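**Student:** The following file, data.cif, comprises mmCIF, C-alpha atoms and all ligand atoms:
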data_protein
#
loop_
_atom_site.label_atom_id
_atom_site.label_comp_id
_atom_site.auth_asym_id
_atom_site.auth_seq_id
_atom_site.Cartn_x
_atom_site.Cartn_y
_atom_site.Cartn_z
CA MET A 196 57.21 57.94 -17.45
CA SER A 197 55.22 57.83 -20.66
CA ILE A 198 53.24 54.76 -21.52
CA ARG A 199 54.02 53.12 -24.82
CA GLN A 200 50.97 53.39 -26.98
CA PRO A 201 49.94 50.49 -29.16
CA LEU A 202 50.89 50.95 -32.79
CA ILE A 203 47.62 49.62 -34.08
CA GLU A 204 44.63 51.92 -33.78
CA SER A 205 41.72 49.69 -32.85
CA GLY A 206 39.69 48.61 -29.85
CA PRO A 207 41.41 47.34 -26.71
CA LYS A 208 42.79 43.83 -27.04
CA THR A 209 44.05 41.44 -24.42
CA GLY A 210 47.10 42.82 -22.74
CA GLU A 211 47.23 46.04 -24.68
CA THR A 212 48.73 49.05 -22.96
CA VAL A 213 45.80 51.29 -22.20
CA GLU A 214 46.01 54.09 -19.67
CA GLY A 215 44.31 53.14 -16.44
CA LYS A 216 44.02 49.48 -17.36
CA ALA A 217 46.48 46.94 -16.07
CA LEU A 218 48.32 44.82 -18.61
CA LYS A 219 47.13 41.26 -18.57
CA LEU A 220 49.05 38.53 -20.32
CA ALA A 221 46.92 36.33 -22.57
CA LYS A 222 46.37 32.66 -21.80
CA TYR A 223 48.87 31.45 -24.38
CA SER A 224 52.15 33.19 -25.04
CA VAL A 225 55.44 32.28 -26.63
CA GLY A 226 58.78 33.76 -25.68
CA THR A 227 60.99 34.32 -28.67
CA GLY A 228 64.62 35.32 -28.74
CA ASP A 229 66.01 37.36 -31.55
CA ARG A 230 69.71 37.67 -30.80
CA PHE A 231 70.66 39.74 -33.83
CA ALA A 232 67.35 41.63 -34.06
CA HIS A 233 66.64 40.43 -37.60
CA GLN A 234 63.95 37.75 -37.17
CA ALA A 235 61.08 39.47 -35.35
CA LYS A 236 58.91 39.46 -38.47
CA ALA A 237 59.55 35.79 -39.20
CA GLN A 238 58.77 34.96 -35.57
CA LEU A 239 55.59 37.01 -35.56
CA GLN A 240 54.59 35.22 -38.75
CA ALA A 241 54.40 32.02 -36.67
CA CYS A 242 51.90 33.73 -34.32
CA MET A 243 49.92 34.89 -37.38
CA GLN A 244 49.76 31.27 -38.54
CA ALA A 245 48.51 30.25 -35.10
CA LEU A 246 45.74 32.85 -35.40
CA GLU A 247 44.79 31.42 -38.77
CA ALA A 248 44.62 28.03 -37.10
CA GLY A 249 42.22 29.55 -34.57
CA ILE A 250 44.39 30.22 -31.54
CA GLU A 251 45.83 33.43 -30.07
CA VAL A 252 49.47 32.96 -29.05
CA VAL A 253 50.95 36.26 -27.97
CA PRO A 254 54.62 36.91 -28.74
CA VAL A 255 57.00 38.04 -26.01
CA TRP A 256 60.44 39.01 -27.25
CA ASN A 257 62.93 38.13 -24.55
CA LYS A 258 66.57 39.07 -24.26
CA SER A 259 68.64 38.85 -21.12
CA ASN A 260 71.34 41.17 -19.90
CA ARG A 261 73.84 38.39 -20.60
CA GLU A 262 72.74 38.17 -24.26
CA HIS A 263 72.88 41.94 -24.69
CA SER A 264 76.37 41.96 -23.22
CA ILE A 265 77.62 39.14 -25.47
CA ILE A 266 76.07 40.65 -28.62
CA GLY A 267 76.92 44.22 -27.64
CA SER A 268 73.32 45.37 -28.11
CA GLU A 269 70.96 47.62 -26.15
CA PRO A 270 67.37 46.77 -25.12
CA LEU A 271 66.13 49.57 -27.37
CA SER A 272 67.17 47.60 -30.48
CA ALA A 273 64.92 44.72 -29.41
CA ARG A 274 62.04 47.14 -28.88
CA GLN A 275 62.53 48.68 -32.30
CA ALA A 276 62.69 45.26 -34.00
CA ALA A 277 59.50 44.11 -32.27
CA ASP A 278 57.60 47.33 -33.03
CA ALA A 279 58.69 47.24 -36.67
CA ALA A 280 57.59 43.62 -37.09
CA VAL A 281 54.19 44.34 -35.52
CA LYS A 282 53.72 47.31 -37.81
CA ALA A 283 54.86 45.48 -40.93
CA LEU A 284 52.55 42.52 -40.39
CA GLY A 285 49.63 44.50 -38.97
CA TRP A 286 49.53 42.37 -35.80
CA LYS A 287 46.51 43.62 -33.86
CA HIS A 288 47.00 41.60 -30.70
CA ALA A 289 49.20 42.22 -27.72
CA TYR A 290 52.97 41.74 -27.75
CA TYR A 291 55.63 42.36 -25.16
CA LEU A 292 59.30 42.96 -24.64
CA ASP A 293 60.75 40.89 -21.80
CA ALA A 294 63.66 42.07 -19.68
CA ASP A 295 64.80 38.52 -19.25
CA HIS A 296 66.39 37.23 -16.04
CA ILE A 297 66.93 40.64 -14.51
CA THR A 298 68.03 41.35 -10.97
CA LEU A 299 68.29 44.51 -8.90
CA LYS A 300 71.72 45.06 -10.45
CA THR A 301 70.70 44.70 -14.08
CA VAL A 302 67.13 45.99 -14.26
CA GLY A 303 68.07 49.62 -14.85
CA ARG A 304 68.84 49.53 -18.57
CA PHE A 305 65.51 47.78 -19.27
CA LEU A 306 63.20 50.21 -17.48
CA ASP A 307 62.42 52.46 -20.43
CA VAL A 308 61.68 49.95 -23.15
CA CYS A 309 60.35 46.74 -21.60
CA ASP A 310 56.82 45.88 -20.47
CA PHE A 311 57.51 42.35 -19.22
CA TYR A 312 60.05 41.61 -16.49
CA THR A 313 61.43 38.19 -15.64
CA ILE A 314 62.62 38.79 -12.11
CA ASP A 315 65.33 36.22 -11.46
CA VAL A 316 65.93 35.33 -7.84
CA ALA A 317 67.52 31.91 -8.28
CA ASP A 318 70.78 33.12 -6.75
CA SER A 319 69.01 34.03 -3.51
CA ILE A 320 67.47 30.58 -2.99
CA GLY A 321 68.81 29.14 0.23
CA GLU A 322 69.85 32.54 1.63
CA ALA A 323 68.80 32.93 5.23
CA ALA A 324 65.82 35.16 5.94
CA PRO A 325 65.56 36.76 9.42
CA ALA A 326 64.04 34.33 11.93
CA ALA A 327 61.27 36.80 12.79
CA GLU A 328 60.15 36.87 9.16
CA ILE A 329 60.08 33.09 8.97
CA ASP A 330 57.98 33.00 12.14
CA ARG A 331 55.64 35.61 10.78
CA PHE A 332 55.21 33.68 7.52
CA VAL A 333 54.49 30.38 9.26
CA HIS A 334 51.98 31.98 11.67
CA HIS A 335 50.34 33.88 8.86
CA HIS A 336 49.61 30.68 6.90
CA PRO A 337 47.82 28.15 9.12
CA GLU A 338 45.75 27.22 6.04
CA LEU A 339 48.85 25.61 4.53
CA LEU A 340 49.15 23.12 7.38
CA GLY A 341 47.69 19.64 7.18
CA ARG A 342 46.01 18.17 4.16
CA ILE A 343 45.36 20.38 1.14
CA GLU A 344 43.01 18.95 -1.46
CA LEU A 345 43.76 20.18 -4.95
CA GLU A 346 41.09 20.38 -7.58
CA GLY A 347 41.77 18.20 -10.59
CA ALA A 348 44.69 16.37 -8.95
CA THR A 349 44.71 12.81 -7.67
CA GLU A 350 47.27 13.60 -4.97
CA ALA A 351 46.80 15.93 -2.01
CA PHE A 352 49.50 17.99 -0.29
CA ASN A 353 50.38 17.37 3.34
CA LEU A 354 52.36 19.93 5.27
CA THR A 355 53.60 20.05 8.83
CA SER A 356 54.65 23.29 10.47
CA GLU A 357 58.21 21.97 10.39
CA SER A 358 58.20 21.41 6.62
CA LEU A 359 56.50 24.77 6.06
CA ARG A 360 59.24 26.41 8.11
CA GLN A 361 61.98 24.59 6.18
CA THR A 362 60.56 25.66 2.83
CA ALA A 363 60.18 29.23 4.04
CA GLN A 364 63.81 29.17 5.15
CA LYS A 365 64.83 28.11 1.68
CA TYR A 366 62.77 30.56 -0.37
CA LEU A 367 61.65 33.53 1.73
CA ALA A 368 64.79 35.62 1.16
CA ALA A 369 64.53 35.01 -2.59
CA VAL A 370 60.90 36.13 -2.65
CA LYS A 371 61.76 39.26 -0.61
CA GLN A 372 64.42 39.96 -3.22
CA ALA A 373 61.82 39.61 -5.97
CA GLY A 374 59.68 42.12 -4.08
CA GLU A 375 62.51 44.62 -4.07
CA VAL A 376 63.03 44.27 -7.82
CA TYR A 377 59.29 44.47 -8.42
CA ARG A 378 58.98 47.71 -6.45
CA THR A 379 61.93 49.19 -8.33
CA ILE A 380 60.08 48.56 -11.59
CA VAL A 381 56.81 49.92 -10.16
CA ASN A 382 58.58 53.11 -9.11
CA ALA A 383 59.82 53.60 -12.66
CA LYS A 384 56.82 52.45 -14.68
CA GLY A 385 53.77 52.49 -12.42
CA GLU A 386 51.74 49.51 -11.30
CA GLY A 387 49.93 47.56 -14.01
CA ASN A 388 52.11 48.89 -16.81
CA PHE A 389 54.16 45.72 -17.06
CA ILE A 390 53.83 41.96 -16.69
CA PRO A 391 55.80 40.61 -13.71
CA GLU A 392 57.27 37.10 -13.86
CA VAL A 393 59.30 35.47 -11.10
CA SER A 394 61.88 32.92 -12.23
CA MET A 395 63.73 30.35 -10.16
CA ASP A 396 64.81 28.00 -12.91
CA GLU A 397 68.53 28.70 -13.09
CA THR A 398 69.41 26.62 -10.08
CA ASP A 399 70.46 23.02 -9.48
CA ALA A 400 67.52 21.62 -7.55
CA ALA A 401 63.98 21.45 -8.93
CA GLN A 402 61.12 22.97 -6.92
CA SER A 403 58.38 20.53 -6.05
CA PRO A 404 54.71 21.48 -6.58
CA ILE A 405 54.22 21.90 -2.83
CA GLU A 406 57.23 24.22 -2.70
CA LEU A 407 55.71 26.15 -5.60
CA LEU A 408 52.52 26.63 -3.59
CA ILE A 409 54.46 27.97 -0.60
CA ILE A 410 56.54 30.24 -2.84
CA LEU A 411 53.31 31.63 -4.32
CA ALA A 412 51.95 32.29 -0.81
CA ALA A 413 55.12 34.25 -0.07
CA ILE A 414 54.91 36.12 -3.39
CA ALA A 415 51.32 37.10 -2.57
CA ASP A 416 52.42 38.31 0.91
CA GLU A 417 55.11 40.36 -0.78
CA GLY A 418 52.45 42.08 -2.89
CA ILE A 419 53.77 40.99 -6.28
CA PRO A 420 50.89 40.51 -8.76
CA VAL A 421 52.84 37.79 -10.52
CA GLN A 422 51.38 36.68 -13.87
CA THR A 423 53.90 34.00 -14.76
CA ILE A 424 56.12 31.86 -12.58
CA ALA A 425 59.08 29.86 -13.82
CA PRO A 426 60.03 27.06 -11.46
CA LYS A 427 62.79 24.63 -12.18
CA PHE A 428 61.13 21.41 -13.24
CA SER A 429 62.80 18.07 -12.72
CA GLY A 430 64.84 16.66 -15.56
CA ARG A 431 67.32 18.50 -17.75
CA PHE A 432 66.32 21.44 -19.92
CA ASN A 433 69.41 21.72 -22.08
CA LYS A 434 69.61 24.58 -24.53
CA GLY A 435 68.03 23.94 -27.91
CA VAL A 436 67.71 20.17 -27.58
CA ASP A 437 65.13 17.73 -26.26
CA TYR A 438 64.18 17.15 -22.64
CA VAL A 439 66.34 14.65 -20.77
CA GLY A 440 64.52 12.95 -17.93
CA ASP A 441 61.53 10.88 -16.93
CA VAL A 442 58.63 12.15 -19.06
CA ALA A 443 55.97 10.42 -16.94
CA HIS A 444 57.38 12.03 -13.79
CA PHE A 445 57.46 15.42 -15.52
CA GLU A 446 53.83 14.99 -16.53
CA THR A 447 52.73 14.33 -12.94
CA GLU A 448 54.82 17.21 -11.62
CA PHE A 449 53.57 19.65 -14.25
CA ALA A 450 49.92 18.77 -13.56
CA LEU A 451 50.46 19.21 -9.80
CA ASP A 452 52.10 22.58 -10.48
CA LEU A 453 48.98 23.62 -12.37
CA ALA A 454 46.81 22.45 -9.47
CA ALA A 455 49.01 24.38 -7.03
CA ILE A 456 48.68 27.53 -9.14
CA ALA A 457 44.89 27.20 -9.31
CA TYR A 458 44.81 26.82 -5.53
CA ALA A 459 47.10 29.81 -5.03
CA VAL A 460 45.01 32.01 -7.31
CA SER A 461 41.82 31.28 -5.40
CA HIS A 462 43.32 31.38 -1.89
CA PHE A 463 46.00 34.07 -2.03
CA ASN A 464 44.29 36.57 -4.30
CA LEU A 465 46.90 36.34 -7.06
CA PRO A 466 46.02 37.38 -10.64
CA LYS A 467 43.54 34.99 -12.27
CA ASN A 468 45.73 34.65 -15.35
CA LEU A 469 48.76 33.47 -13.35
CA LYS A 470 50.39 30.64 -15.29
CA LEU A 471 53.53 28.57 -15.59
CA SER A 472 56.43 29.80 -17.67
CA VAL A 473 58.55 27.04 -19.19
CA HIS A 474 62.09 28.31 -19.53
CA SER A 475 64.59 26.76 -21.94
CA GLY A 476 61.34 25.58 -23.48
CA SER A 477 62.52 25.30 -27.06
CA ASP A 478 62.89 21.90 -28.65
CA LYS A 479 61.54 19.95 -25.66
CA PHE A 480 59.56 17.83 -28.08
CA SER A 481 59.13 14.80 -25.84
CA ILE A 482 57.27 16.74 -23.11
CA TYR A 483 55.09 18.92 -25.35
CA PRO A 484 52.27 16.35 -25.48
CA ALA A 485 52.28 16.24 -21.65
CA ILE A 486 52.20 20.04 -21.42
CA HIS A 487 49.38 20.27 -23.93
CA ALA A 488 47.35 17.55 -22.22
CA ALA A 489 47.79 19.13 -18.77
CA ILE A 490 46.90 22.69 -19.77
CA THR A 491 43.86 21.36 -21.61
CA ARG A 492 42.74 19.32 -18.60
CA PHE A 493 43.15 22.25 -16.19
CA ASN A 494 41.98 24.87 -18.69
CA ALA A 495 45.24 26.62 -17.85
CA GLY A 496 47.49 28.88 -19.86
CA VAL A 497 51.22 28.54 -20.40
CA HIS A 498 54.16 30.69 -21.44
CA LEU A 499 56.60 28.72 -23.55
CA LYS A 500 59.93 30.42 -23.60
CA THR A 501 62.29 29.87 -26.49
CA ALA A 502 65.35 31.89 -27.44
CA GLY A 503 68.38 30.36 -29.12
CA THR A 504 66.38 28.07 -31.35
CA THR A 505 65.86 31.06 -33.66
CA TRP A 506 69.56 31.86 -33.90
CA LEU A 507 70.13 28.25 -34.98
CA GLU A 508 67.52 28.67 -37.70
CA GLU A 509 69.54 31.64 -38.95
CA LEU A 510 72.51 29.31 -39.31
CA ILE A 511 70.37 26.64 -40.97
CA GLY A 512 69.01 29.20 -43.44
CA LEU A 513 72.52 30.44 -44.22
CA ALA A 514 73.75 26.89 -44.74
CA GLU A 515 70.78 26.11 -46.93
CA ALA A 516 71.50 29.18 -49.07
CA GLY A 517 74.91 27.77 -50.00
CA GLY A 518 77.86 29.79 -51.35
CA ASP A 519 79.24 32.52 -49.06
CA ALA A 520 76.45 31.94 -46.58
CA LEU A 521 77.26 28.24 -46.21
CA ALA A 522 80.95 29.11 -45.88
CA LEU A 523 80.08 31.51 -43.06
CA ALA A 524 78.03 28.87 -41.25
CA LYS A 525 81.07 26.57 -41.46
CA ASP A 526 83.31 29.38 -40.14
CA VAL A 527 81.01 29.84 -37.18
CA TYR A 528 81.31 26.12 -36.44
CA ALA A 529 85.11 26.11 -36.82
CA GLN A 530 85.51 29.03 -34.43
CA ALA A 531 82.96 27.68 -31.97
CA PHE A 532 84.88 24.39 -32.02
CA ALA A 533 88.18 26.19 -31.37
CA HIS A 534 86.72 28.23 -28.49
CA SER A 535 84.34 25.62 -27.12
CA GLU A 536 85.62 25.75 -23.53
CA GLU A 537 85.16 29.49 -23.26
CA LEU A 538 81.78 29.46 -25.01
CA CYS A 539 80.38 26.59 -22.98
CA ALA A 540 81.54 27.77 -19.54
CA PRO A 541 78.67 30.20 -18.82
CA TYR A 542 76.15 27.55 -19.91
CA ALA A 543 77.67 24.55 -18.15
CA THR A 544 74.50 23.61 -16.26
CA VAL A 545 72.27 23.77 -19.34
CA ILE A 546 74.24 21.91 -22.00
CA ASP A 547 75.48 18.32 -22.37
CA ILE A 548 77.95 18.09 -25.22
CA ASP A 549 79.62 14.79 -26.08
CA LYS A 550 82.95 15.97 -27.47
CA GLY A 551 83.46 12.62 -29.17
CA LYS A 552 80.41 13.35 -31.32
CA LEU A 553 81.64 16.73 -32.57
CA PRO A 554 82.87 16.54 -36.18
CA SER A 555 86.21 18.22 -36.86
CA PRO A 556 86.06 21.64 -38.54
CA ASP A 557 87.90 20.08 -41.50
CA GLU A 558 85.21 17.50 -41.93
CA VAL A 559 82.49 20.15 -41.74
CA ARG A 560 84.41 22.23 -44.27
CA GLY A 561 83.69 19.49 -46.82
CA TRP A 562 79.93 19.31 -46.10
CA THR A 563 77.20 20.22 -48.57
CA SER A 564 74.27 22.43 -47.56
CA GLU A 565 72.21 19.28 -47.00
CA GLN A 566 74.81 17.70 -44.73
CA PHE A 567 75.15 20.85 -42.63
CA THR A 568 71.42 21.46 -42.25
CA ALA A 569 70.66 17.79 -41.56
CA ALA A 570 73.20 17.72 -38.72
CA LEU A 571 71.92 20.96 -37.20
CA ARG A 572 68.17 20.94 -37.81
CA HIS A 573 66.33 19.46 -34.87
CA VAL A 574 63.91 16.95 -36.25
CA ARG A 575 63.14 14.08 -33.89
CA GLY A 576 64.45 10.78 -35.11
CA ALA A 577 66.35 12.21 -38.08
CA ALA A 578 69.46 10.04 -38.55
CA ALA A 579 71.95 12.82 -39.33
CA TYR A 580 70.83 15.11 -36.48
CA ASN A 581 73.72 15.78 -34.08
CA SER A 582 72.67 17.21 -30.71
CA SER A 583 76.26 17.89 -29.61
CA LEU A 584 76.96 20.00 -32.69
CA ARG A 585 73.65 21.76 -32.18
CA GLN A 586 74.40 22.65 -28.55
CA LEU A 587 77.87 23.90 -29.39
CA LEU A 588 76.45 26.18 -32.09
CA HIS A 589 73.68 27.22 -29.71
CA VAL A 590 76.21 28.76 -27.35
CA GLY A 591 78.34 29.95 -30.27
CA PHE A 592 76.38 33.10 -31.09
CA LYS A 593 79.25 35.11 -29.67
CA VAL A 594 81.30 34.00 -32.70
CA ALA A 595 78.71 35.45 -35.08
CA ALA A 596 78.46 38.60 -32.95
CA LYS A 597 82.21 39.11 -33.40
CA MET A 598 81.84 38.82 -37.18
CA GLY A 599 79.74 41.98 -37.01
CA THR A 600 78.50 43.33 -40.35
CA HIS A 601 79.82 40.34 -42.29
CA TYR A 602 77.31 38.17 -40.44
CA LEU A 603 74.48 40.73 -40.56
CA ASP A 604 74.98 41.43 -44.29
CA LEU A 605 74.60 37.75 -45.08
CA LEU A 606 71.49 37.56 -42.87
CA GLU A 607 69.99 40.37 -44.89
CA ALA A 608 71.07 38.95 -48.24
CA ASN A 609 69.41 35.63 -47.40
CA GLU A 610 66.41 36.97 -45.53
CA SER A 611 63.69 34.92 -47.18
CA ILE A 612 65.31 31.50 -46.86
CA ILE A 613 66.17 32.22 -43.20
CA ALA A 614 62.70 33.59 -42.45
CA LYS A 615 61.10 30.44 -43.83
CA ASN A 616 63.15 28.30 -41.43
CA VAL A 617 62.53 30.59 -38.44
CA THR A 618 58.77 30.64 -38.97
CA GLU A 619 58.48 26.96 -39.69
CA ASN A 620 60.52 25.99 -36.62
CA LEU A 621 58.54 28.20 -34.27
CA TYR A 622 55.16 27.25 -35.68
CA GLU A 623 55.43 23.59 -36.70
CA ARG A 624 57.79 22.36 -34.01
CA HIS A 625 56.75 24.56 -31.06
CA ILE A 626 53.39 26.32 -31.32
CA VAL A 627 51.53 23.42 -32.94
CA PRO A 628 52.42 20.70 -30.41
CA VAL A 629 52.19 22.90 -27.30
CA PHE A 630 49.18 25.08 -28.02
CA LEU A 631 47.28 23.23 -30.72
CA GLY A 632 48.24 19.78 -29.57
CA SER A 633 49.46 17.76 -32.51
CA LYS A 634 52.44 15.47 -32.63
CA VAL A 635 55.88 16.78 -33.61
ZN ZN A 701 65.28 30.94 -17.49
#
Translate the structure of the given file into structure tokens.
**Tutor:**
Amino acid sequence: MSIRQPLIESGPKTGETVEGKALKLAKYSVGTGDRFAHQAKAQLQACMQALEAGIEVVPVWNKSNREHSIIGSEPLSARQAADAAVKALGWKHAYYLDADHITLKTVGRFLDVCDFYTIDVADSIGEAAPAAEIDRFVHHHPELLGRIELEGATEAFNLTSESLRQTAQKYLAAVKQAGEVYRTIVNAKGEGNFIPEVSMDETDAAQSPIELLIILAAIADEGIPVQTIAPKFSGRFNKGVDYVGDVAHFETEFALDLAAIAYAVSHFNLPKNLKLSVHSGSDKFSIYPAIHAAITRFNAGVHLKTAGTTWLEELIGLAEAGGDALALAKDVYAQAFAHSEELCAPYATVIDIDKGKLPSPDEVRGWTSEQFTAALRHVRGAAAYNSSLRQLLHVGFKVAAKMGTHYLDLLEANESIIAKNVTENLYERHIVPVFLGSKV
């Protein structure tokens, strides 16, 4: 297997692929989704702006098997789009291509082109592990029993052998599964030639910080040098809209997760750069101040994962352009409205659409550019913003995919107005509040 060489000829940078040197994800990284492979440059521009503001935020282009299937694209197209953007803008820092939410079944098509793997084991949570393995795990970790003081946290963890056993019963099979996927990737790419993430977010129940610590102990036992971990946090992380839940509770939980990670790094010999990955992280404006405050306090990194927010900026840019492009944006809405059941079904656990708040396609047909963009653009507190319409369009990218070249031609014809929206959204509304720490 050949190793992808960096496009930029210069000294080694954080995370760069260099023979004999393991890839190491930088402290701050942003996951970006580029469904139609046309916005990589505009997204990278946001990272360039962050650099100008004095902070390195490394881009990770993520696309799941589900997205590729819906769009009808191959992982290679994402690789080409990312490489071309890096070359065009002369980005000299690291960047990655994430095989998002892969399992043993789906990892195959991503092995050649990706260098970041989000190993999804949510479906295996709760599966029974053999009793002997549970016993071995519990006996192997006497240090987890009793009181565990965490640096920087006001609370301590308290574990009995019974609760350790129960948690192991819940997660051990999932972690073993992650190990199998990890070793499959190692066999294909070689150790150190990719960033491994383990994700458990696509499940109903949140993982508590103490469960996270136990999961990390099991991941270490399994020999996975995990660099990012995506737990399910409490509260709702609906697609493309704000956090729904108790922000103060989230803040406490997030800080304890950071403390658990710091403890796991020093006690289980996990990579020093191990950090939290916040999935469905786009547009969670109300928790960004808490995330920023916590990572600052713990001197921790974070991976903020966004995806569909960029596709919505494509629609906003098209609507803003007016004419044929606005008409197309309205068509996308009309068709998404007509097929809402089918489009929403795969995303049922991550959207909350109030059907009573959806305007009729006829009404939208009569909208100006300003009316369309004001309803769709996610600006906190804006009166015309409609989160139900936004979520419906979020899951409606299949409609645009079916339009094929008609959609892509209009993207290309209106590149600059779309790019402006994509960059501004990623930088002003995501990178600034999370990594630089100003208010949205
Ligand atoms: Zn996820």
**Student:** Of the residues A:Pro254, A:Pro554, A:Gly517, A:Pro466, which is the one nearest to A:Ala529, using all atoms listed in the file?
**Tutor:**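 Checking each candidate against A:Ala529, we get A:Pro554 as the closest.
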**Student:** One number please: atom CA of A:Ala273 to atom CA of A:Asp307, in Å, one decimal.
**Tutor:**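 Between these atoms lies a distance of 12.1 Å.
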**Student:** May I have the residues within 12 Å of ligand ZN 701 (chain A), computed using all atoms listed in the file, as a ChimeraX atom specification?
**Tutor:** /A:226,257-259,261,293-297,312-317,392-398,424-428,432-434,472-477,498-502,542,544-545
**Student:** Please produce, as CSV, a per-residue contact table for stretch 201-299 of chain A versus stretch 589-601 of chain A (criterion: any atom at most 12 Å away, only C-alpha atoms considered), showing the nearest atom pair and its distance in Å to one decimal, sorted by chain then residue number.
**Tutor:**
residue,atom,partner,partner_atom,distance
A:Asp229,CA,A:Phe592,CA,11.2
A:Arg230,CA,A:Phe592,CA,8.1
A:Phe231,CA,A:Ala596,CA,7.9
A:Ala232,CA,A:Ala596,CA,11.6
A:Arg261,CA,A:Lys593,CA,11.1
A:Glu262,CA,A:Lys593,CA,9.0
A:His263,CA,A:Ala596,CA,10.5
A:Ser264,CA,A:Lys593,CA,9.8
A:Ile265,CA,A:Lys593,CA,6.0
A:Ile266,CA,A:Ala596,CA,5.4
A:Gly267,CA,A:Ala596,CA,7.9
A:Ser268,CA,A:Ala596,CA,9.8
**Student:** Quick one: residues within 8 Å of stretch 380-384 of chain A, all atoms listed in the file counted, chain neighbours fewer than 3 positions away excluded, as a list in words?
**Tutor:**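 After dropping sequence-adjacent residues, the list is Met196, Val302, Leu306, Val376, Tyr377, Asn388 and Phe389 of chain A.
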**Student:** Got a sec to check which residues sit within 12 Å of (63.2, 24.4, 4.2), counting only C-alpha atoms, and write them as a ChimeraX atom specification?
**Tutor:** /A:320-324,329,333,354-368,402-403,405-406,409-410
**Student:** Got a sec: who's within 8 Å of A:Gln566, counting only C-alpha atoms, leaving out chain neighbours fewer than 4 positions off, as a list of chain:residue names?
**Tutor:**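 So, after excluding close chain neighbours, the residues are A:Trp562, A:Ala570, A:Ala579.
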**Student:** So which one's closest to A:Leu523, A:Thr491, A:Asn620, A:Gly347, A:Arg560? Using all atoms listed in the file, please.
**Tutor:** A:Arg560
**Student:** Using only C-alpha atoms, which residue out of A:Val255, A:Ala413, A:Leu299, A:Ala540 lies closest to A:Arg331?
**Tutor:** A:Ala413
**Student:** Where's the centre, and what are the edge lengths in Å to one decimal, of a box along x, y and z enclosing all listed atoms of stretch 457-469 of chain A padded 8 Å per side, as lines of an AutoDock Vina configuration file?
**Tutor:**
center_x = 45.3
center_y = 32.1
center_z = -8.6
size_x = 22.9
size_y = 26.6
size_z = 29.5
